[in-house]
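Remarks on the structure that follows.
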Amino acid sequence: MASEGLEAGQAALAAGDWPRAVAAFESVLDDDPTLPEALAGLGSALWWTNRVAEAAGLWERAYAGFRRRPDPVEAVLLAVNLSLTYGANFGNPAAASGWARRCERLAAELDAPPLRGWVLVTKSQVADDPAMAQSLIREAQQIALECGDRDLELCALAALGAALIDEGHVGEGAPLLDEAMAGSLGGEFESLDTMVFTSCVVVQACYRCADFARVVQWVHALRGFIDRYGNPYVNAVCRAHYGAVLVATGDWARAEAELGVAIDLAEGALPSVQAEASSYLADLRLARGSPEEALRLLAGFEDQAVVGPVLAEAHLAMGDAERAAATADRLLARAGDRHLLAARAREVLGVAHLALGEAEPAAAHADRLVDIGTERGCDLILARGERLLGRALTASGDPRGARAHLDAAITGFGGLEMPLEVARTRTLLAHALAASDEPAALDAARLALDTFEGLGATRDADAAAAWLRDRGVAGGRRGRPGAEVLTRREREVLALIGEGLSNPEIADRLYLSRRTVEHHVASILSKLGLRNRTEAAAHALREAGSVRG
């Protein structure tokens with residue numbers, strides 16, 4: 001009977017048993033393909049397994065079914081889901097706004113304050129005016145308290161915290177994010193969607209204000225939830241931001257996996273979402289020392305603002321300072337100084353000026369970054385400014401003056417748990433101290449090399465080792481990493497590369513999509529510091545030979 005199948009499906013959803021939920025709802029739909037409860041339930045189960053596009057299609061069919069019945073309450077709730085999904089996963093503001101307006105019109109016909117609260121939260125997510133967004137959320141928060149709706153209260157808390165952070169009120173907004181997460185992890189919710197909403201809002205808001213430490217702390221706290229239910233970062237945007245935080249904080253193995261999923265999730269999204277996911281993976285490739293691979297990932301997205309800083313830095317790494325400067329300059333003309341990506345672009349622009357022998361404009365960009373970072377209370381922007389100022393002073397012949405600024409940058413990046421940036425700044429410090437304090441310079445270079453080696457930042461490690469060798473210090477590399485740095489699936493792909501299989505052949509052998517195989521191959525080359533498939537095949541054969549030997 002349909003009722004028994006629906007009960008089984010709902011019980012499986014509540015338990016986080018997604019395969020069992022899929023099977024239960026599909027069995028109901030075999031008998032009645034239009035039953036809206038089964039369509040909505042199957043959509044939720046597929047959504048948790050990263051099949052978001054399929055989920056949205058099922059929710060739209062369920063919405064139509066509830067409207068025909070009619071069941072306006074369920075229709076409103078599905079419209080809320082669809083608005084949030086079109087915004088967060090597909091990057092489609094028109095569709096997100098359309099669904100938000102639809103659920104508002106339907107809810108207006110009902111005497112149901114909690115529904116009104118959810119409509120307000122949904123509208124806040126598509127509002128262009130930050131002040132209006134805050135007003136909507138505060139009204140929703142008041143409704144939640146009056147109705148005792150804990151899910152609505154927690155989501156409103158998270159949304160309000162994020163809105164305050166976006167207006168620069170980090171000290172006021174961050175505690176609200178913490179409270180929303182604490183309540184969610186404490187099991188106050190009735191729906192698992194509440195954990196998803198609060199988690200995604202937290203990771204996105206903290207990424208935008210560069211509070212990486214807070215994200216990392218909550219990710220650790222979420223491990224028990226993830227073990228039971230799966231990753232709550234289901235939408236492409238929050239999954240990409242989560243991966244970007246992992247890149248910045250040095251957890252590159254997990255970042256590689258998460259960003260691969262984010263790109264797959266973004267496949268059906270608008271270019272802005274695809275570009276964001278691709279830019280973070282390109283940033284990881286760049287950090288690992290593969291600017292060519294970074295540029296390949298960004299191909300086709302060059303006009304998207306989010307890729308600007310990574311694109312400029314990749315050009316700089318390839319030795320094209322003029323192109324890097326032009327790319328960063330274009331982004332600043334579009335974005336101004338409002339966003340973190342603009343701050344990174346300004347630093348890259350300053351470094352490009354230095355590469356072109358133009359120390360004065362580089363120092364001006366550094367001063368601007370320090371002013372912005374101080375004004376906004378943003379440690380990341382401030383650290384970028386201090387580092388650029390140190391570089392400019394070194395280039396101008398004042399390495400002693402550079403030391404204080406580079407030390408301040410190291411402290412700033414260290415507080416944000418950004419090991420690659422700390423190590424890169426230590427390299428600059430070593431260069432600045434070389435003439436006046438050689439022991440301190442060598443210590444800084446050794447520390448930087450150790451960090452580069454541990455992360456797998458091959459180009460940075462090669463440069464640091466060469467600098468040490470030029471000074472008569474044993475700074476040799478440890479050699480290429482072995483297969484232990486690869487995931488199980490990557491080791492399988494590497495072995496098949498060693499057998500001479502092409503990407504389509506590997507996809508057929510492992511029952512993967514060709515795009516997924518491409519991600520795995522690029523990850524293998526990046527992690528192992530290899531340039532092409534030929535080197536990968538040789539590496540695989542050496543690994544196989546050592547195992548047999």
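Letters for chains follow the order of the structure tokens (A, B, ...), residue numbers begin at 1 for each chain, and ligand numbers begin at 1 in the order shown.
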
### Query
Can you tell me, as a ChimeraX atom specification, what residues are no more than 8 Å from A:Val119 when counting only C-alpha atoms, ignoring any on the same chain fewer than 3 positions away?
/A:80,100,103-104,107,115-116,122-123

Grab the residues selected above and save them as a PDB file, in the first residue's frame with C-alpha atoms.
ATOM      1  CA  VAL A  80      10.647  27.605  -0.185  1.00  0.00           C
ATOM      2  CA  ALA A 100      10.130  33.243  -3.302  1.00  0.00           C
ATOM      3  CA  CYS A 103       5.475  31.020  -1.879  1.00  0.00           C
ATOM      4  CA  GLU A 104       4.708  34.504  -0.484  1.00  0.00           C
ATOM      5  CA  ALA A 107       1.144  31.831   2.150  1.00  0.00           C
ATOM      6  CA  LEU A 115       4.702  29.624   6.973  1.00  0.00           C
ATOM      7  CA  ARG A 116       4.875  33.409   6.934  1.00  0.00           C
ATOM      8  CA  THR A 122      13.287  32.938   1.832  1.00  0.00           C
ATOM      9  CA  LYS A 123      12.704  36.511   0.700  1.00  0.00           C
TER      10      LYS A 123
END

### Message
Env of A:Ala522: 12 Å cut, atoms = only C-alpha atoms, seq-sep filter 3 positions within chain, self excluded. Answer as a PyMOL selection string.
### Response
chain A and resi 256-257+260+281-282+284-285+288+290+292-294+296-297+486+490+493-494+503+515-519+525-533+536

### Message
Applying 12 Å and only C-alpha atoms, which residues near stretch 133-137 of chain A remain after dropping the ones on its own chain fewer than 5 positions away? List them as a PyMOL selection string.
### Response
chain A and resi 116-128+142-144+152-167+173

### Query
Got a sec: who's within 8 Å of stretch 230-243 of chain A, counting only C-alpha atoms, leaving out chain neighbours fewer than 3 positions off, as an MDAnalysis selection string?
chainID A and resid 16 47:48 50 52 85 88:90 195:196 199:201 203:204 207 225:227 246:247 254:256 258:259 261:263 265:266 273 276:277 280

Save the residues we just selected, N, CA and C atoms, as a compact mmCIF listing (two decimals), in the first residue's frame?
# COMPACT_ATOMS: atom_id res chain seq x y z
N GLY A 16 18.29 9.10 8.13
CA GLY A 16 19.43 9.37 7.27
C GLY A 16 19.84 8.20 6.43
N TRP A 47 18.53 14.45 -3.04
CA TRP A 47 19.25 15.69 -2.73
C TRP A 47 20.40 15.42 -1.76
N TRP A 48 20.16 14.58 -0.77
CA TRP A 48 21.20 14.25 0.21
C TRP A 48 22.32 13.42 -0.40
N ASN A 50 23.65 14.13 -3.30
CA ASN A 50 24.28 15.05 -4.26
C ASN A 50 23.64 15.03 -5.65
N VAL A 52 21.24 16.87 -6.95
CA VAL A 52 20.41 18.04 -6.68
C VAL A 52 19.50 18.39 -7.86
N THR A 85 17.15 26.40 -3.34
CA THR A 85 17.98 25.55 -4.19
C THR A 85 18.41 26.28 -5.46
N ALA A 88 21.13 28.84 -4.15
CA ALA A 88 22.39 28.33 -3.59
C ALA A 88 23.07 27.33 -4.49
N ASN A 89 22.31 26.56 -5.26
CA ASN A 89 22.96 25.52 -6.06
C ASN A 89 23.09 25.89 -7.53
N PHE A 90 22.07 26.53 -8.09
CA PHE A 90 22.09 26.81 -9.52
C PHE A 90 22.50 28.24 -9.84
N MET A 195 19.76 21.80 9.72
CA MET A 195 21.21 21.66 9.84
C MET A 195 21.89 22.05 8.53
N VAL A 196 21.28 21.68 7.42
CA VAL A 196 21.85 22.04 6.12
C VAL A 196 21.88 23.56 5.95
N SER A 199 24.40 25.21 8.45
CA SER A 199 25.79 24.87 8.10
C SER A 199 26.25 25.63 6.87
N CYS A 200 25.39 25.68 5.86
CA CYS A 200 25.77 26.36 4.63
C CYS A 200 25.89 27.87 4.84
N VAL A 201 24.98 28.44 5.60
CA VAL A 201 25.06 29.87 5.88
C VAL A 201 26.34 30.20 6.64
N VAL A 203 29.26 28.50 6.69
CA VAL A 203 30.50 28.36 5.90
C VAL A 203 30.62 29.48 4.88
N GLN A 204 29.51 29.90 4.29
CA GLN A 204 29.58 30.98 3.31
C GLN A 204 29.87 32.32 3.97
N TYR A 207 33.47 32.37 5.16
CA TYR A 207 34.40 32.48 4.04
C TYR A 207 34.47 33.92 3.55
N PHE A 225 27.67 14.36 13.10
CA PHE A 225 26.50 14.49 12.24
C PHE A 225 26.81 13.93 10.85
N ILE A 226 27.99 14.27 10.31
CA ILE A 226 28.37 13.81 8.97
C ILE A 226 28.49 12.29 8.92
N ASP A 227 29.04 11.71 9.99
CA ASP A 227 29.17 10.25 10.02
C ASP A 227 27.80 9.58 9.96
N LEU A 246 39.15 24.63 3.09
CA LEU A 246 40.10 23.53 3.26
C LEU A 246 41.41 23.80 2.50
N VAL A 247 41.30 24.43 1.32
CA VAL A 247 42.50 24.81 0.58
C VAL A 247 43.32 25.81 1.40
N ARG A 254 41.41 16.57 1.49
CA ARG A 254 39.95 16.68 1.57
C ARG A 254 39.43 17.76 0.64
N ALA A 255 40.20 18.83 0.48
CA ALA A 255 39.78 19.91 -0.42
C ALA A 255 39.61 19.39 -1.84
N GLU A 256 40.55 18.57 -2.26
CA GLU A 256 40.50 18.00 -3.61
C GLU A 256 39.18 17.24 -3.82
N GLU A 258 36.33 17.45 -2.00
CA GLU A 258 35.14 18.29 -1.85
C GLU A 258 34.94 19.19 -3.07
N LEU A 259 36.01 19.73 -3.61
CA LEU A 259 35.87 20.61 -4.76
C LEU A 259 35.49 19.83 -6.01
N VAL A 261 33.47 17.28 -5.96
CA VAL A 261 32.01 17.13 -5.80
C VAL A 261 31.31 18.45 -6.13
N ALA A 262 31.87 19.57 -5.66
CA ALA A 262 31.26 20.88 -5.92
C ALA A 262 31.16 21.15 -7.42
N ILE A 263 32.19 20.81 -8.17
CA ILE A 263 32.15 21.02 -9.62
C ILE A 263 31.09 20.13 -10.27
N LEU A 265 28.39 19.08 -8.78
CA LEU A 265 27.10 19.65 -8.38
C LEU A 265 26.76 20.87 -9.22
N ALA A 266 27.79 21.62 -9.62
CA ALA A 266 27.57 22.87 -10.36
C ALA A 266 27.36 22.64 -11.84
N VAL A 273 28.14 29.99 -10.89
CA VAL A 273 28.37 28.94 -9.89
C VAL A 273 29.47 28.00 -10.36
N GLU A 276 32.77 29.67 -9.84
CA GLU A 276 33.21 29.73 -8.44
C GLU A 276 33.82 28.40 -8.01
N ALA A 277 33.16 27.30 -8.30
CA ALA A 277 33.69 25.99 -7.93
C ALA A 277 35.02 25.73 -8.65
N TYR A 280 38.08 27.73 -7.18
CA TYR A 280 38.69 27.21 -5.94
C TYR A 280 39.55 25.99 -6.22

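Going from atom CA of A:Gly456 over to atom CA of A:Val422, you cover 14.7 Å.
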
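Separating atom CA of A:Ala466 from atom CA of A:Ala409 is a distance of 23.8 Å.
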
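As for atom CA of A:Glu188 and atom CA of A:Asp149, they are spaced 9.9 Å apart.
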
### Task
Tell me which protein, DNA and RNA residues are within 10 Å of A:Ala537, counting only C-alpha atoms, leaving out same-chain ones fewer than 5 positions away, and put them as a list of chain:residue names.
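These residues fall inside the cut-off: A:Leu494, A:Ala495, A:Leu496, A:Ile497, A:Gly498, A:Glu499, A:Gly500, A:Leu501, A:Asn532, A:Arg542, A:Glu543.
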
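Distance annotation: of A:Gln304, A:Leu369, A:Ser44, A:Phe197, the residue with the minimal separation from A:Leu270 is A:Gln304; atom set is only C-alpha atoms.
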
### Message
According to DSSP computed on the backbone, where in stretch 181-359 of chain A is there helix (DSSP H, G or I)? Give the residues as a ChimeraX atom specification.
### Response
/A:181-185,192-208,212-221,223-229,236-248,252-268,271-287,291-298,305-317,321-335,340-355,359

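Minimum atom-to-atom distance to A:Thr194, evaluated using only C-alpha atoms, belongs to A:Arg150 out of A:Arg469, A:His405, A:Arg150, A:His520.
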
### Contacts of stretch 26-32 of chain A within 9 Å, only C-alpha atoms, excl. fewer than 3 positions in-chain, as a list in words
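Near neighbours after the sequence-gap exclusion: Met1, Ala2, Ser3, Glu4, Gly5, Leu6, Ala21, Val22, Ala23, Leu35, Ala38, Leu39 and Leu42 of chain A.
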
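Closest to A:Ala14 among A:Arg400, A:His365, A:Arg228, A:Arg424 is A:Arg228, based on only C-alpha atoms.
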